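Next comes model.json, with JSON, C-alpha atoms.
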```json
[["chain", "number", "residue", "atom", "x", "y", "z"],
["L", 1, "MET", "CA", -76.43, -33.04, 106.62],
["L", 2, "CYS", "CA", -73.91, -32.39, 103.85],
["L", 3, "ALA", "CA", -72.40, -28.96, 104.28],
["L", 4, "LEU", "CA", -69.29, -28.55, 102.18],
["L", 5, "ASN", "CA", -67.67, -26.33, 104.80],
["L", 6, "SER", "CA", -68.55, -28.59, 107.76],
["L", 7, "PRO", "CA", -65.56, -29.33, 110.04],
["L", 8, "HIS", "CA", -67.02, -32.64, 111.26],
["L", 9, "LEU", "CA", -67.89, -35.51, 108.97],
["L", 10, "ASP", "CA", -69.97, -38.51, 109.98],
["L", 11, "LEU", "CA", -68.26, -41.01, 107.72],
["L", 12, "MET", "CA", -64.62, -39.91, 108.07],
["L", 13, "ALA", "CA", -63.52, -42.90, 110.12],
["L", 14, "THR", "CA", -64.94, -45.24, 107.48],
["L", 15, "ILE", "CA", -63.77, -43.22, 104.48],
["L", 16, "SER", "CA", -60.18, -42.83, 105.69],
["L", 17, "SER", "CA", -59.83, -46.61, 106.03],
["L", 18, "ILE", "CA", -60.88, -47.34, 102.42],
["L", 19, "PRO", "CA", -58.22, -47.73, 99.66],
["L", 20, "SER", "CA", -57.41, -44.72, 97.46],
["L", 21, "VAL", "CA", -59.69, -45.77, 94.58],
["L", 22, "GLN", "CA", -63.18, -46.18, 95.97],
["L", 23, "PHE", "CA", -66.43, -46.94, 94.24],
["L", 24, "TYR", "CA", -69.88, -46.21, 95.64],
["L", 25, "PRO", "CA", -72.46, -47.90, 93.35],
["L", 26, "GLN", "CA", -75.99, -46.64, 92.85],
["L", 27, "LYS", "CA", -78.90, -47.84, 90.72],
["L", 28, "ASN", "CA", -78.68, -45.04, 88.16],
["L", 29, "SER", "CA", -76.04, -44.81, 85.47],
["L", 30, "THR", "CA", -74.56, -41.37, 86.24],
["L", 31, "THR", "CA", -71.04, -41.78, 87.61],
["L", 32, "ILE", "CA", -68.96, -38.95, 89.05],
["L", 33, "LEU", "CA", -65.21, -39.23, 89.59],
["L", 34, "ILE", "CA", -63.88, -37.17, 92.49],
["L", 35, "VAL", "CA", -60.17, -36.35, 92.20],
["L", 36, "GLU", "CA", -59.30, -34.66, 95.48],
["L", 37, "ASP", "CA", -56.22, -35.03, 97.68],
["L", 38, "ASP", "CA", -57.96, -33.74, 100.84],
["L", 39, "PRO", "CA", -59.58, -36.85, 102.38],
["L", 40, "ASP", "CA", -62.13, -34.79, 104.34],
["L", 41, "LEU", "CA", -63.42, -32.93, 101.31],
["L", 42, "ARG", "CA", -63.23, -36.05, 99.11],
["L", 43, "GLY", "CA", -65.30, -37.99, 101.64],
["L", 44, "LEU", "CA", -67.83, -35.20, 102.14],
["L", 45, "LEU", "CA", -68.34, -34.76, 98.38],
["L", 46, "ALA", "CA", -68.75, -38.52, 97.99],
["L", 47, "GLN", "CA", -71.25, -38.72, 100.84],
["L", 48, "CYS", "CA", -73.36, -35.87, 99.45],
["L", 49, "LEU", "CA", -73.28, -37.13, 95.85],
["L", 50, "TYR", "CA", -74.12, -40.67, 96.99],
["L", 51, "LYS", "CA", -77.11, -39.32, 98.92],
["L", 52, "GLY", "CA", -78.17, -37.61, 95.68],
["L", 53, "ASN", "CA", -78.18, -41.10, 94.05],
["L", 54, "TYR", "CA", -75.05, -40.62, 91.98],
["L", 55, "GLN", "CA", -72.51, -43.38, 91.58],
["L", 56, "VAL", "CA", -69.22, -42.09, 92.99],
["L", 57, "VAL", "CA", -65.62, -43.07, 92.32],
["L", 58, "MET", "CA", -63.01, -41.36, 94.51],
["L", 59, "ILE", "CA", -59.28, -41.10, 93.90],
["L", 60, "SER", "CA", -56.64, -39.08, 95.67],
["L", 61, "SER", "CA", -53.82, -38.64, 93.18],
["L", 62, "GLU", "CA", -53.29, -37.54, 89.61],
["L", 63, "SER", "CA", -51.45, -40.77, 88.80],
["L", 64, "GLU", "CA", -54.73, -42.69, 89.10],
["L", 65, "VAL", "CA", -56.90, -40.38, 86.97],
["L", 66, "LEU", "CA", -56.17, -41.55, 83.43],
["L", 67, "ARG", "CA", -56.22, -45.24, 84.42],
["L", 68, "THR", "CA", -59.56, -44.82, 86.20],
["L", 69, "LEU", "CA", -61.05, -43.00, 83.21],
["L", 70, "ALA", "CA", -59.84, -45.78, 80.90],
["L", 71, "GLU", "CA", -61.25, -48.55, 83.11],
["L", 72, "GLN", "CA", -64.61, -47.10, 84.16],
["L", 73, "GLN", "CA", -67.52, -45.28, 82.52],
["L", 74, "ILE", "CA", -67.31, -41.78, 84.05],
["L", 75, "ASP", "CA", -69.86, -39.06, 83.25],
["L", 76, "LEU", "CA", -68.29, -36.15, 85.11],
["L", 77, "VAL", "CA", -64.96, -35.41, 86.81],
["L", 78, "LEU", "CA", -64.72, -33.17, 89.90],
["L", 79, "LEU", "CA", -61.08, -32.10, 89.96],
["L", 80, "ASP", "CA", -59.01, -30.54, 92.73],
["L", 81, "PRO", "CA", -57.42, -27.29, 91.49],
["L", 82, "LEU", "CA", -54.00, -28.04, 92.91],
["L", 83, "LEU", "CA", -53.95, -31.13, 90.75],
["L", 84, "SER", "CA", -55.51, -29.45, 87.74],
["L", 85, "ILE", "CA", -54.16, -25.92, 87.58],
["L", 86, "MET", "CA", -51.00, -25.64, 89.61],
["L", 87, "VAL", "CA", -49.28, -28.57, 87.89],
["L", 88, "SER", "CA", -49.14, -26.60, 84.65],
["L", 89, "HIS", "CA", -46.85, -24.01, 86.26],
["L", 90, "THR", "CA", -44.11, -26.65, 86.48],
["L", 91, "GLY", "CA", -43.93, -26.86, 82.70],
["L", 92, "ARG", "CA", -45.63, -30.26, 82.57],
["L", 93, "LEU", "CA", -48.92, -30.78, 80.84],
["L", 94, "SER", "CA", -51.59, -30.21, 83.47],
["L", 95, "ILE", "CA", -53.71, -33.16, 84.53],
["L", 96, "CYS", "CA", -56.77, -31.25, 83.31],
["L", 97, "GLN", "CA", -55.23, -31.03, 79.82],
["L", 98, "SER", "CA", -54.26, -34.71, 79.96],
["L", 99, "ILE", "CA", -57.78, -35.69, 80.95],
["L", 100, "ARG", "CA", -59.28, -33.56, 78.19],
["L", 101, "GLN", "CA", -57.07, -35.22, 75.56],
["L", 102, "GLN", "CA", -58.59, -38.64, 76.25],
["L", 103, "TYR", "CA", -61.95, -37.81, 77.86],
["L", 104, "ALA", "CA", -64.88, -36.03, 76.21],
["L", 105, "GLY", "CA", -67.05, -35.87, 79.33],
["L", 106, "ALA", "CA", -67.59, -32.97, 81.70],
["L", 107, "ILE", "CA", -64.77, -31.65, 83.92],
["L", 108, "VAL", "CA", -65.50, -29.37, 86.88],
["L", 109, "VAL", "CA", -62.59, -27.78, 88.74],
["L", 110, "LEU", "CA", -63.22, -27.06, 92.44],
["L", 111, "GLY", "CA", -60.96, -24.27, 93.66],
["L", 112, "ASP", "CA", -59.95, -21.75, 96.29],
["L", 113, "PHE", "CA", -58.48, -19.18, 93.93],
["L", 114, "ASN", "CA", -59.70, -15.86, 92.56],
["L", 115, "PRO", "CA", -62.85, -17.10, 90.84],
["L", 116, "PHE", "CA", -62.57, -15.03, 87.67],
["L", 117, "ASN", "CA", -58.90, -15.66, 86.89],
["L", 118, "ALA", "CA", -59.05, -19.31, 87.96],
["L", 119, "LYS", "CA", -62.24, -19.92, 85.98],
["L", 120, "VAL", "CA", -60.71, -18.54, 82.80],
["L", 121, "TYR", "CA", -57.48, -20.47, 83.33],
["L", 122, "ALA", "CA", -59.33, -23.72, 84.15],
["L", 123, "GLN", "CA", -61.36, -23.39, 80.96],
["L", 124, "GLN", "CA", -58.17, -22.78, 78.97],
["L", 125, "LEU", "CA", -56.87, -26.07, 80.36],
["L", 126, "GLY", "CA", -60.01, -27.94, 79.26],
["L", 127, "ALA", "CA", -62.44, -27.64, 82.18],
["L", 128, "ASP", "CA", -66.13, -27.12, 81.47],
["L", 129, "ALA", "CA", -66.82, -25.32, 84.76],
["L", 130, "TYR", "CA", -65.13, -23.87, 87.83],
["L", 131, "LEU", "CA", -66.67, -23.69, 91.30],
["L", 132, "SER", "CA", -65.07, -21.85, 94.23],
["L", 133, "LYS", "CA", -64.76, -23.60, 97.59],
["L", 134, "PRO", "CA", -66.56, -23.49, 99.88],
["L", 135, "MET", "CA", -69.63, -23.93, 97.73],
["L", 136, "ARG", "CA", -73.24, -24.58, 98.47],
["L", 137, "LEU", "CA", -74.53, -27.98, 97.48],
["L", 138, "ALA", "CA", -77.25, -26.37, 95.41],
["L", 139, "GLU", "CA", -74.53, -24.68, 93.34],
["L", 140, "LEU", "CA", -72.74, -28.00, 92.83],
["L", 141, "HIS", "CA", -76.01, -29.70, 91.93],
["L", 142, "ASP", "CA", -76.91, -26.97, 89.42],
["L", 143, "CYS", "CA", -73.47, -27.23, 87.84],
["L", 144, "ILE", "CA", -73.73, -31.03, 87.52],
["L", 145, "GLN", "CA", -77.24, -30.76, 86.09],
["L", 146, "SER", "CA", -76.14, -28.16, 83.53],
["L", 147, "LEU", "CA", -73.32, -30.39, 82.25],
["L", 148, "LEU", "CA", -75.07, -33.78, 82.21],
["L", 149, "PRO", "CA", -78.24, -35.14, 80.67],
["L", 150, "PRO", "CA", -81.09, -35.67, 83.16],
["L", 151, "CYS", "CA", -80.31, -38.46, 85.62],
["L", 152, "LYS", "CA", -83.07, -40.95, 86.35],
["L", 153, "GLY", "CA", -83.35, -41.40, 90.09],
["L", 154, "CYS", "CA", -80.97, -38.57, 91.00],
["L", 155, "SER", "CA", -82.20, -36.08, 93.53],
["L", 156, "SER", "CA", -81.02, -32.63, 94.51],
["L", 157, "LEU", "CA", -78.10, -32.46, 96.89],
["L", 158, "GLN", "CA", -79.19, -31.58, 100.42],
["L", 159, "GLU", "CA", -77.49, -29.05, 102.67]]
```
As structure tokens, what does this structure read like?
Amino acid sequence: MCALNSPHLDLMATISSIPSVQFYPQKNSTTILIVEDDPDLRGLLAQCLYKGNYQVVMISSESEVLRTLAEQQIDLVLLDPLLSIMVSHTGRLSICQSIRQQYAGAIVVLGDFNPFNAKVYAQQLGADAYLSKPMRLAELHDCIQSLLPPCKGCSSLQE
């Protein structure tokens, strides 16, 4: 079961012992980069996407994003809002803007903020979509499918 608001995760003991950049290979060629500082949510997203036959790369800090995008073929980025939106309030270029300058692929911001205002702001920073947490897996799947070409071997994400 992959419920994005589940307090208990089956793989958390394993996931928390893996280095900060993690790669979960699959047979298809669709690769999703998860940039999330919360290890529970990062692990749950990875587990659900992996079960949907997506290749998954997980990182926990903004300092690793641009290097990972330069080194690996990434089709879609799932980006934590605190890393993508809040950074811009400090006067620095937001990580979402930095990603967009060197990456033409899809960027989805996952957030806890007022959906309308955050969605508009995320799109101004270069995001293609904004999803509010907690979200249903069907909503995440639909968003991924709308931003990417059809994935051979990928299945819908299961609740």
Between L:Pro134, L:Gly52, L:Pro150, L:Pro39, which has the minimum distance to Leu110 of chain L (counting all atoms listed in the file)?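 The closest residue to Leu110 of chain L is L:Pro134.
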Enter the distance from atom CA of Leu33 of chain L to atom CA of Met135 of chain L, in Å, rounded to one decimal.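 Atom CA of Met135 of chain L lies 17.9 Å from atom CA of Leu33 of chain L.
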Just how far from atom CA of Gln73 of chain L is atom CA of Tyr50 of chain L, in Å to one decimal?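 One can read the atom CA of Tyr50 of chain L to atom CA of Gln73 of chain L distance as 16.6 Å.
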Atom CA of Ile34 of chain L and atom CA of Ala46 of chain L, how far apart in Å?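 One can read the atom CA of Ala46 of chain L to atom CA of Ile34 of chain L distance as 7.5 Å.
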Using all atoms listed in the file, pick whichever of L:Leu49, L:Leu69, L:Gly43, L:Val35 has the shortest atom-to-atom distance to Val109 of chain L.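 Of L:Leu49, L:Leu69, L:Gly43, L:Val35, the one nearest Val109 of chain L is L:Val35, counting all atoms listed in the file.
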Contact check, segment 34-66 of chain L to segment 93-99 of chain L, at most 12 Å, counting all atoms listed in the file, closest pairs as JSON lines:
```
{"residue": "L:Val35", "atom": "CA", "partner": "L:Ile95", "partner_atom": "CA", "distance": 10.5}
{"residue": "L:Ser61", "atom": "CA", "partner": "L:Ile95", "partner_atom": "CA", "distance": 10.2}
{"residue": "L:Glu62", "atom": "CA", "partner": "L:Ile95", "partner_atom": "CA", "distance": 6.7}
{"residue": "L:Ser63", "atom": "CA", "partner": "L:Ile95", "partner_atom": "CA", "distance": 9.0}
{"residue": "L:Glu64", "atom": "CA", "partner": "L:Ile95", "partner_atom": "CA", "distance": 10.6}
{"residue": "L:Val65", "atom": "CA", "partner": "L:Ile99", "partner_atom": "CA", "distance": 7.7}
{"residue": "L:Leu66", "atom": "CA", "partner": "L:Ile99", "partner_atom": "CA", "distance": 6.6}
```
Among listed residues L:Lys51, L:Arg100, L:His141, L:Arg136, nearest Leu79 of chain L (using all atoms listed in the file):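 Result for the nearest residue to Leu79 of chain L: L:Arg100.
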Hey, which of L:Ile144, L:Leu76, L:Ile32, L:Leu137 ends up closest to Gly105 of chain L? Count only C-alpha atoms.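 Closest residue, counting only C-alpha atoms: L:Leu76.
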Answer as an MDAnalysis selection string, residues within 12 Å of (-62.9, -19.6, 83.9) using all atoms listed in the file: chainID L and resid 85 108:111 113:132
